[in-house]
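Below is query31.cif, holding mmCIF, C-alpha atoms.
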data_start
loop_
_atom_site.group_PDB
_atom_site.id
_atom_site.type_symbol
_atom_site.label_atom_id
_atom_site.label_comp_id
_atom_site.auth_asym_id
_atom_site.auth_seq_id
_atom_site.Cartn_x
_atom_site.Cartn_y
_atom_site.Cartn_z
ATOM 1 C CA MET A 8 153.713 117.364 97.470
ATOM 2 C CA PHE A 9 150.636 117.503 99.728
ATOM 3 C CA ARG A 10 152.772 118.869 102.560
ATOM 4 C CA GLU A 11 154.238 121.516 100.256
ATOM 5 C CA VAL A 12 150.771 122.647 99.183
ATOM 6 C CA VAL A 13 149.502 122.950 102.754
ATOM 7 C CA GLN A 14 152.600 124.904 103.778
ATOM 8 C CA LEU A 15 152.151 127.191 100.771
ATOM 9 C CA MET A 16 148.523 127.870 101.661
ATOM 10 C CA ASN A 17 149.423 128.556 105.299
ATOM 11 C CA ARG A 18 152.361 130.814 104.479
ATOM 12 C CA ASN A 19 150.239 132.941 102.150
ATOM 13 C CA ARG A 20 147.208 133.001 104.446
ATOM 14 C CA VAL A 21 144.831 131.420 101.976
ATOM 15 C CA GLN A 22 141.491 130.681 103.645
ATOM 16 C CA TYR A 23 140.868 126.959 103.159
ATOM 17 C CA VAL A 24 140.011 123.687 104.869
ATOM 18 C CA VAL A 25 141.231 120.211 103.981
ATOM 19 C CA SER A 26 138.490 117.761 103.042
ATOM 20 C CA GLY A 27 138.431 114.433 101.195
ATOM 21 C CA ALA A 28 140.284 111.440 102.593
ATOM 22 C CA PHE A 29 141.956 113.514 105.316
ATOM 23 C CA ALA A 30 138.657 114.843 106.707
ATOM 24 C CA LEU A 31 137.055 111.404 106.575
ATOM 25 C CA HIS A 32 140.009 109.995 108.516
ATOM 26 C CA GLU A 33 139.820 112.825 111.049
ATOM 27 C CA HIS A 34 136.204 112.064 111.935
ATOM 28 C CA THR A 35 135.957 108.289 111.435
ATOM 29 C CA GLY A 36 139.463 106.807 111.536
ATOM 30 C CA ILE A 37 138.914 105.414 108.027
ATOM 31 C CA TRP A 38 141.941 105.874 105.798
ATOM 32 C CA ARG A 39 141.875 105.650 102.010
ATOM 33 C CA ASP A 40 144.915 105.890 99.783
ATOM 34 C CA THR A 41 144.501 108.973 97.658
ATOM 35 C CA LYS A 42 146.271 110.804 94.870
ATOM 36 C CA ASP A 43 144.145 113.902 95.515
ATOM 37 C CA LEU A 44 144.384 116.583 98.157
ATOM 38 C CA ASP A 45 140.938 118.200 98.412
ATOM 39 C CA LEU A 46 140.872 121.803 99.563
ATOM 40 C CA PHE A 47 137.531 123.521 100.161
ATOM 41 C CA LEU A 48 137.609 127.287 99.650
ATOM 42 C CA PRO A 49 135.228 130.156 98.901
ATOM 43 C CA PRO A 50 135.390 131.059 95.173
ATOM 44 C CA ARG A 51 137.520 134.162 95.718
ATOM 45 C CA GLU A 52 140.110 132.209 97.708
ATOM 46 C CA ALA A 53 140.167 129.456 95.085
ATOM 47 C CA GLY A 54 141.229 131.980 92.465
ATOM 48 C CA PHE A 55 144.103 133.171 94.652
ATOM 49 C CA ALA A 56 145.169 129.604 95.446
ATOM 50 C CA LEU A 57 145.128 128.625 91.783
ATOM 51 C CA GLU A 58 147.481 131.416 90.783
ATOM 52 C CA LEU A 59 149.703 130.741 93.771
ATOM 53 C CA LEU A 60 150.096 127.099 92.768
ATOM 54 C CA ALA A 61 150.763 128.061 89.154
ATOM 55 C CA LYS A 62 153.480 130.437 90.304
ATOM 56 C CA HIS A 63 155.128 127.581 92.215
ATOM 57 C CA GLY A 64 155.378 125.240 89.280
ATOM 58 C CA PHE A 65 152.073 123.377 89.272
ATOM 59 C CA GLN A 66 150.051 122.736 86.133
ATOM 60 C CA THR A 67 146.665 124.324 86.759
ATOM 61 C CA GLU A 68 143.253 124.473 85.160
ATOM 62 C CA VAL A 69 139.713 125.534 85.975
ATOM 63 C CA ARG A 70 137.874 122.293 85.268
ATOM 64 C CA ASP A 71 134.427 123.710 86.013
ATOM 65 C CA PRO A 72 134.218 127.407 86.979
ATOM 66 C CA VAL A 73 131.135 126.725 89.075
ATOM 67 C CA TRP A 74 132.916 124.486 91.578
ATOM 68 C CA LEU A 75 136.249 122.878 90.620
ATOM 69 C CA ALA A 76 139.805 123.845 89.744
ATOM 70 C CA LYS A 77 142.785 121.489 89.654
ATOM 71 C CA ALA A 78 146.527 121.693 90.084
ATOM 72 C CA HIS A 79 148.871 118.792 89.555
ATOM 73 C CA ARG A 80 152.466 117.762 89.562
ATOM 74 C CA GLY A 81 153.145 114.358 88.075
ATOM 75 C CA GLU A 82 150.471 111.871 89.087
ATOM 76 C CA TYR A 83 149.298 113.754 92.187
ATOM 77 C CA PHE A 84 146.511 116.336 92.159
ATOM 78 C CA VAL A 85 145.152 119.159 94.278
ATOM 79 C CA ASP A 86 141.434 119.797 93.877
ATOM 80 C CA LEU A 87 140.228 123.297 94.736
ATOM 81 C CA ILE A 88 136.529 122.905 95.496
ATOM 82 C CA THR A 89 134.068 125.737 96.109
ATOM 83 C CA GLY A 90 130.929 123.644 96.550
ATOM 84 C CA MET A 91 128.972 120.863 94.957
ATOM 85 C CA SER A 92 128.528 120.804 91.186
ATOM 86 C CA ASN A 93 124.774 121.368 91.515
ATOM 87 C CA THR A 94 125.536 124.528 93.584
ATOM 88 C CA VAL A 95 123.035 123.564 96.299
ATOM 89 C CA VAL A 96 125.884 123.430 98.833
ATOM 90 C CA ARG A 97 128.426 126.265 98.619
ATOM 91 C CA VAL A 98 131.592 126.832 100.602
ATOM 92 C CA ASP A 99 131.718 130.150 102.453
ATOM 93 C CA TYR A 100 133.985 131.605 105.106
ATOM 94 C CA SER A 101 131.994 130.025 107.923
ATOM 95 C CA TRP A 102 133.287 126.649 106.696
ATOM 96 C CA ILE A 103 136.824 127.936 107.160
ATOM 97 C CA ARG A 104 136.178 129.326 110.639
ATOM 98 C CA ARG A 105 134.685 126.010 111.757
ATOM 99 C CA GLY A 106 137.624 123.940 110.522
ATOM 100 C CA ARG A 107 139.494 121.887 113.124
ATOM 101 C CA ARG A 108 143.260 122.113 113.392
ATOM 102 C CA SER A 109 144.887 118.773 112.734
ATOM 103 C CA ASP A 110 148.017 117.150 111.368
ATOM 104 C CA VAL A 111 148.019 116.828 107.580
ATOM 105 C CA CYS A 112 151.189 115.202 106.264
ATOM 106 C CA GLY A 113 153.137 116.571 109.225
ATOM 107 C CA VAL A 114 151.769 120.112 108.932
ATOM 108 C CA GLN A 115 149.098 121.758 111.081
ATOM 109 C CA ALA A 116 146.125 122.600 108.880
ATOM 110 C CA PRO A 117 142.386 123.244 109.260
ATOM 111 C CA VAL A 118 140.315 120.156 108.470
ATOM 112 C CA LEU A 119 136.654 120.287 107.478
ATOM 113 C CA ALA A 120 134.249 119.961 110.418
ATOM 114 C CA PRO A 121 131.997 116.857 110.415
ATOM 115 C CA GLU A 122 128.813 118.867 109.855
ATOM 116 C CA GLU A 123 130.140 120.395 106.636
ATOM 117 C CA LEU A 124 131.599 117.039 105.623
ATOM 118 C CA ILE A 125 128.136 115.504 105.838
ATOM 119 C CA ALA A 126 126.556 118.381 103.917
ATOM 120 C CA SER A 127 129.187 118.078 101.175
ATOM 121 C CA LYS A 128 128.290 114.413 100.652
ATOM 122 C CA VAL A 129 124.483 114.464 100.733
ATOM 123 C CA PHE A 130 124.136 115.139 97.007
ATOM 124 C CA VAL A 131 126.843 112.672 95.970
ATOM 125 C CA ALA A 132 124.218 110.121 94.992
ATOM 126 C CA ARG A 133 125.022 109.248 91.427
ATOM 127 C CA ARG A 134 125.051 105.945 89.632
ATOM 128 C CA GLU A 135 128.854 105.835 89.595
ATOM 129 C CA ARG A 136 129.431 107.242 93.092
ATOM 130 C CA PHE A 137 127.388 107.282 96.275
ATOM 131 C CA ASP A 138 128.627 108.838 99.531
ATOM 132 C CA GLY A 139 125.752 107.739 101.746
ATOM 133 C CA ALA A 140 127.999 105.173 103.413
ATOM 134 C CA ASP A 141 130.476 107.919 104.344
ATOM 135 C CA ILE A 142 127.671 109.923 105.966
ATOM 136 C CA SER A 143 126.590 106.874 107.951
ATOM 137 C CA HIS A 144 130.172 106.295 109.059
ATOM 138 C CA VAL A 145 130.582 109.898 110.234
ATOM 139 C CA ILE A 146 127.390 109.710 112.314
ATOM 140 C CA TYR A 147 128.370 106.317 113.738
ATOM 141 C CA ALA A 148 131.995 107.233 114.511
ATOM 142 C CA THR A 149 131.003 110.496 116.233
ATOM 143 C CA ARG A 150 128.092 108.789 118.033
ATOM 144 C CA GLY A 151 125.971 111.629 116.718
ATOM 145 C CA ALA A 152 127.847 114.277 118.715
ATOM 146 C CA LEU A 153 127.228 116.825 115.969
ATOM 147 C CA ASP A 154 125.760 120.295 115.637
ATOM 148 C CA TRP A 155 122.497 119.144 114.108
ATOM 149 C CA ARG A 156 121.139 122.691 113.875
ATOM 150 C CA ARG A 157 124.099 123.524 111.665
ATOM 151 C CA ILE A 158 123.469 120.487 109.448
ATOM 152 C CA LEU A 159 119.793 121.379 109.080
ATOM 153 C CA TRP A 160 120.734 124.959 108.236
ATOM 154 C CA LEU A 161 123.263 123.841 105.626
ATOM 155 C CA MET A 162 120.664 121.647 103.921
ATOM 156 C CA GLY A 163 117.972 124.338 103.999
ATOM 157 C CA GLU A 164 115.091 123.605 101.635
ATOM 158 C CA HIS A 165 116.785 120.368 100.580
ATOM 159 C CA TRP A 166 116.207 118.733 103.977
ATOM 160 C CA GLU A 167 114.534 115.700 102.374
ATOM 161 C CA MET A 168 117.903 114.600 101.022
ATOM 162 C CA LEU A 169 119.242 114.676 104.580
ATOM 163 C CA LEU A 170 116.244 112.678 105.805
ATOM 164 C CA TRP A 171 116.964 110.101 103.113
ATOM 165 C CA CYS A 172 120.541 109.750 104.393
ATOM 166 C CA LEU A 173 119.373 109.459 107.996
ATOM 167 C CA VAL A 174 116.890 106.720 107.105
ATOM 168 C CA LEU A 175 119.786 104.865 105.481
ATOM 169 C CA PHE A 176 121.812 105.294 108.693
ATOM 170 C CA ARG A 177 118.911 103.913 110.748
ATOM 171 C CA TYR A 178 118.679 100.911 108.418
ATOM 172 C CA VAL A 179 122.414 100.218 108.514
ATOM 173 C CA TYR A 180 122.791 100.757 112.285
ATOM 174 C CA PRO A 181 119.347 99.922 113.722
ATOM 175 C CA SER A 182 120.629 99.790 117.307
ATOM 176 C CA CYS A 183 122.091 103.303 117.005
ATOM 177 C CA ALA A 184 119.093 105.306 115.822
ATOM 178 C CA ASP A 185 119.459 107.490 118.923
ATOM 179 C CA TYR A 186 122.754 108.830 117.558
ATOM 180 C CA VAL A 187 120.415 111.104 115.625
ATOM 181 C CA PRO A 188 118.603 113.094 118.349
ATOM 182 C CA GLY A 189 114.899 112.527 118.714
ATOM 183 C CA ARG A 190 114.194 116.203 118.103
ATOM 184 C CA VAL A 191 115.859 115.898 114.665
ATOM 185 C CA TRP A 192 113.805 112.844 113.738
ATOM 186 C CA ASP A 193 110.650 114.579 114.996
ATOM 187 C CA GLU A 194 111.294 117.790 113.060
ATOM 188 C CA LEU A 195 112.143 116.083 109.791
ATOM 189 C CA MET A 196 109.305 113.574 110.006
ATOM 190 C CA GLN A 197 106.821 116.335 110.837
ATOM 191 C CA ARG A 198 108.007 118.343 107.838
ATOM 192 C CA PHE A 199 107.656 115.228 105.689
ATOM 193 C CA LYS A 200 104.142 114.492 106.925
ATOM 194 C CA THR A 201 103.124 118.089 106.268
ATOM 195 C CA GLU A 202 104.482 117.978 102.717
ATOM 196 C CA LEU A 203 102.643 114.708 102.049
ATOM 197 C CA ALA A 204 99.392 116.103 103.422
ATOM 198 C CA HIS A 205 99.665 119.403 101.550
ATOM 199 C CA PRO A 206 101.543 118.809 98.294
ATOM 200 C CA ASN A 207 102.637 121.904 96.394
ATOM 201 C CA ARG A 208 101.372 121.376 92.864
ATOM 202 C CA ARG A 209 103.662 124.164 91.635
ATOM 203 C CA ALA A 210 106.850 122.706 93.086
ATOM 204 C CA SER A 211 109.628 122.278 90.518
ATOM 205 C CA PHE A 212 111.093 118.982 89.385
ATOM 206 C CA ARG A 213 114.413 118.473 91.219
ATOM 207 C CA GLY A 214 115.829 115.318 89.692
ATOM 208 C CA SER A 215 118.602 117.149 87.849
ATOM 209 C CA LEU A 216 119.978 118.340 91.201
ATOM 210 C CA VAL A 217 120.512 114.701 92.162
ATOM 211 C CA ASP A 218 121.918 113.456 88.854
ATOM 212 C CA ASP A 219 121.480 115.262 85.552
ATOM 213 C CA LYS A 220 122.321 112.112 83.604
ATOM 214 C CA MET A 221 119.955 109.675 85.292
ATOM 215 C CA PHE A 222 117.163 112.253 85.064
ATOM 216 C CA ALA A 223 118.092 113.631 81.642
ATOM 217 C CA ILE A 224 114.959 112.287 79.966
ATOM 218 C CA ASP A 225 112.817 114.418 82.275
ATOM 219 C CA THR A 226 114.393 117.689 81.134
ATOM 220 C CA ASP A 227 115.320 116.698 77.579
ATOM 221 C CA GLU A 228 112.113 114.976 76.497
ATOM 222 C CA TRP A 229 109.422 115.262 79.151
ATOM 223 C CA GLY A 230 109.502 119.046 79.479
ATOM 224 C CA GLN A 231 110.535 119.282 83.112
ATOM 225 C CA ARG A 232 112.270 122.426 84.356
ATOM 226 C CA ASN A 233 116.065 122.120 84.599
ATOM 227 C CA LEU A 234 116.889 123.577 88.008
ATOM 228 C CA LEU A 235 120.515 122.493 87.691
ATOM 229 C CA GLU A 236 121.131 124.823 84.757
ATOM 230 C CA GLU A 237 119.330 127.682 86.506
ATOM 231 C CA TYR A 238 121.278 127.241 89.732
ATOM 232 C CA ARG A 239 124.599 127.039 87.914
ATOM 233 C CA GLU A 240 123.927 130.153 85.828
ATOM 234 C CA SER A 241 123.352 132.242 88.954
ATOM 235 C CA THR A 242 126.380 131.020 90.933
ATOM 236 C CA GLU A 243 129.640 132.861 91.615
ATOM 237 C CA THR A 244 132.453 131.262 89.635
ATOM 238 C CA ILE A 245 136.150 130.634 90.166
ATOM 239 C CA GLU A 246 138.311 133.342 88.634
ATOM 240 C CA ARG A 247 142.074 133.414 88.458
ATOM 241 C CA ARG A 248 143.416 136.221 90.649
ATOM 242 C CA PRO A 249 146.919 137.488 91.422
ATOM 243 C CA PRO A 250 148.426 135.825 94.513
ATOM 244 C CA LYS A 251 148.060 137.866 97.700
ATOM 245 C CA VAL A 252 151.751 137.539 98.457
ATOM 246 C CA ALA A 253 154.632 137.307 95.990
#
Mind turning the file's structure into structure tokens?
Amino acid sequence: MFREVVQLMNRNRVQYVVSGAFALHEHTGIWRDTKDLDLFLPPREAGFALELLAKHGFQTEVRDPVWLAKAHRGEYFVDLITGMSNTVVRVDYSWIRRGRRSDVCGVQAPVLAPEELIASKVFVARRERFDGADISHVIYATRGALDWRRILWLMGEHWEMLLWCLVLFRYVYPSCADYVPGRVWDELMQRFKTELAHPNRRASFRGSLVDDKMFAIDTDEWGQRNLLEEYRESTETIERRPPKVA
């Protein structure tokens, strides 16, 4: 089924990259059994892909129009993902262009680059799931041979979450701290020192971007601003569209 989906996407020129277990294996050698094929796409492409899968006999649904649609046949699923649920990280066409061609179930397909893989996992820091170990494994397995400028750009104003993940990497692999270039440590630590020395008293509460359940009391009872709701309301959503090719 996974092979059929990849062939269908390729044949109809859908702009996508494969993520999930396949991307993790590509960059670390770690393999996890999976019933899901994760495809990352810009929102417009996700709408096309959804209708294409429906036309070819899959049961489909838009689970969350902000970031997730699903197609399934039997017990196996295809997740069409346009970004993270908090909308901080969004898939655009640059993610597709940077994908690396690889073998996915016997078919050549673009696989998510390691920089985007890291960015997609930084905010997966919930009580029930934490992807910090995956980030550490990607850095370790690549020996830090990454486009760090790209990673910093992807994280933008949320660079502190990246710093948090890098500190975890340094703790887990203390002899490999140099896998993260010194210039990256210097830049992030200097930013952090500056923020500590000159706190912005008007800065918004950001806990809901990490986990809206663990930080629910802040927005529900303590009067903190809910950035998650604001971000989601202003984000392009997945819309079903006619397939490009019959």
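Applied to the file shown here, the PyMOL selection byres ((chain A and resi 56) around 9) selects the residues Met16, Val21, Leu48, Arg51, Glu52, Ala53, Gly54, Phe55, Leu57, Glu58, Leu59, Leu60, Ala61, Leu87, Arg247, Arg248 and Pro250 of chain A.
Applied to this file, the PyMOL selection byres ((chain A and resi 226-239) around 6) selects Asn93, Ser215, Leu216, Ala223, Ile224, Asp225, Glu240, Ser241 and Thr242 of chain A.
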d(atom CA of A:Val24, atom CA of A:Met168) in Å: 24.2 Å
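One distance worth recording is that between atom CA of A:Gly189 and atom CA of A:Asp99, which is 29.3 Å.
Proximity ranking of A:Tyr186, A:Phe84, A:Phe29, A:Trp166 relative to A:Tyr147 places A:Tyr186 first, based on all atoms listed in the file.
Of the residues under consideration (A:Val118, A:Ile146, A:Val73, A:Ala78), A:Val118 shows the shortest atom-to-atom contact distance to A:Ala28 when counting all atoms listed in the file.
Taking atom CA of A:Met162 as the reference point, atom CA of A:Ser109 is found at 25.9 Å.
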With the input short on atoms, add N, CA and C atoms back to stretch 80-107 of chain A and write it as a compact mmCIF listing (two decimals), in the coordinates of the input.
# COMPACT_ATOMS: atom_id res chain seq x y z
N ARG A 80 151.05 117.95 89.83
CA ARG A 80 152.47 117.76 89.56
C ARG A 80 152.67 116.26 89.46
N GLY A 81 153.03 115.80 88.29
CA GLY A 81 153.15 114.36 88.08
C GLY A 81 151.79 113.70 88.20
N GLU A 82 151.72 112.62 88.98
CA GLU A 82 150.47 111.87 89.09
C GLU A 82 149.61 112.30 90.27
N TYR A 83 150.04 113.32 91.01
CA TYR A 83 149.30 113.75 92.19
C TYR A 83 148.60 115.08 91.92
N PHE A 84 147.37 115.20 92.46
CA PHE A 84 146.51 116.34 92.16
C PHE A 84 146.09 117.07 93.42
N VAL A 85 145.83 118.36 93.26
CA VAL A 85 145.15 119.16 94.28
C VAL A 85 143.85 119.63 93.67
N ASP A 86 142.74 119.32 94.33
CA ASP A 86 141.43 119.80 93.88
C ASP A 86 141.04 121.00 94.72
N LEU A 87 140.72 122.10 94.07
CA LEU A 87 140.23 123.30 94.74
C LEU A 87 138.72 123.33 94.52
N ILE A 88 137.96 123.15 95.59
CA ILE A 88 136.53 122.90 95.50
C ILE A 88 135.77 124.02 96.21
N THR A 89 134.83 124.64 95.52
CA THR A 89 134.07 125.74 96.11
C THR A 89 132.62 125.36 96.44
N GLY A 90 132.28 124.11 96.25
CA GLY A 90 130.93 123.64 96.55
C GLY A 90 130.62 122.41 95.73
N MET A 91 129.38 122.00 95.75
CA MET A 91 128.97 120.86 94.96
C MET A 91 128.61 121.33 93.55
N SER A 92 128.73 120.43 92.59
CA SER A 92 128.53 120.80 91.19
C SER A 92 127.12 121.30 90.91
N ASN A 93 126.14 120.89 91.73
CA ASN A 93 124.77 121.37 91.52
C ASN A 93 124.52 122.72 92.20
N THR A 94 125.53 123.22 92.91
CA THR A 94 125.54 124.53 93.58
C THR A 94 124.59 124.61 94.77
N VAL A 95 123.93 123.54 95.14
CA VAL A 95 123.04 123.56 96.30
C VAL A 95 123.83 123.85 97.57
N VAL A 96 125.01 123.23 97.68
CA VAL A 96 125.88 123.43 98.83
C VAL A 96 127.09 124.23 98.37
N ARG A 97 127.33 125.38 99.00
CA ARG A 97 128.43 126.26 98.62
C ARG A 97 129.34 126.52 99.81
N VAL A 98 130.62 126.55 99.55
CA VAL A 98 131.59 126.83 100.60
C VAL A 98 131.64 128.34 100.84
N ASP A 99 131.53 128.74 102.10
CA ASP A 99 131.72 130.15 102.45
C ASP A 99 132.71 130.23 103.61
N TYR A 100 132.94 131.43 104.09
CA TYR A 100 133.99 131.60 105.11
C TYR A 100 133.62 130.97 106.45
N SER A 101 132.36 130.71 106.69
CA SER A 101 131.99 130.02 107.92
C SER A 101 132.56 128.60 107.94
N TRP A 102 132.68 127.97 106.77
CA TRP A 102 133.29 126.65 106.70
C TRP A 102 134.74 126.71 107.15
N ILE A 103 135.42 127.79 106.80
CA ILE A 103 136.82 127.94 107.16
C ILE A 103 136.95 128.16 108.67
N ARG A 104 136.11 129.03 109.21
CA ARG A 104 136.18 129.33 110.64
C ARG A 104 135.89 128.10 111.48
N ARG A 105 135.07 127.20 110.99
CA ARG A 105 134.68 126.01 111.76
C ARG A 105 135.65 124.84 111.57
N GLY A 106 136.66 125.01 110.73
CA GLY A 106 137.62 123.94 110.52
C GLY A 106 138.38 123.61 111.81
N ARG A 107 138.78 122.36 111.94
CA ARG A 107 139.49 121.89 113.12
C ARG A 107 140.97 121.69 112.80
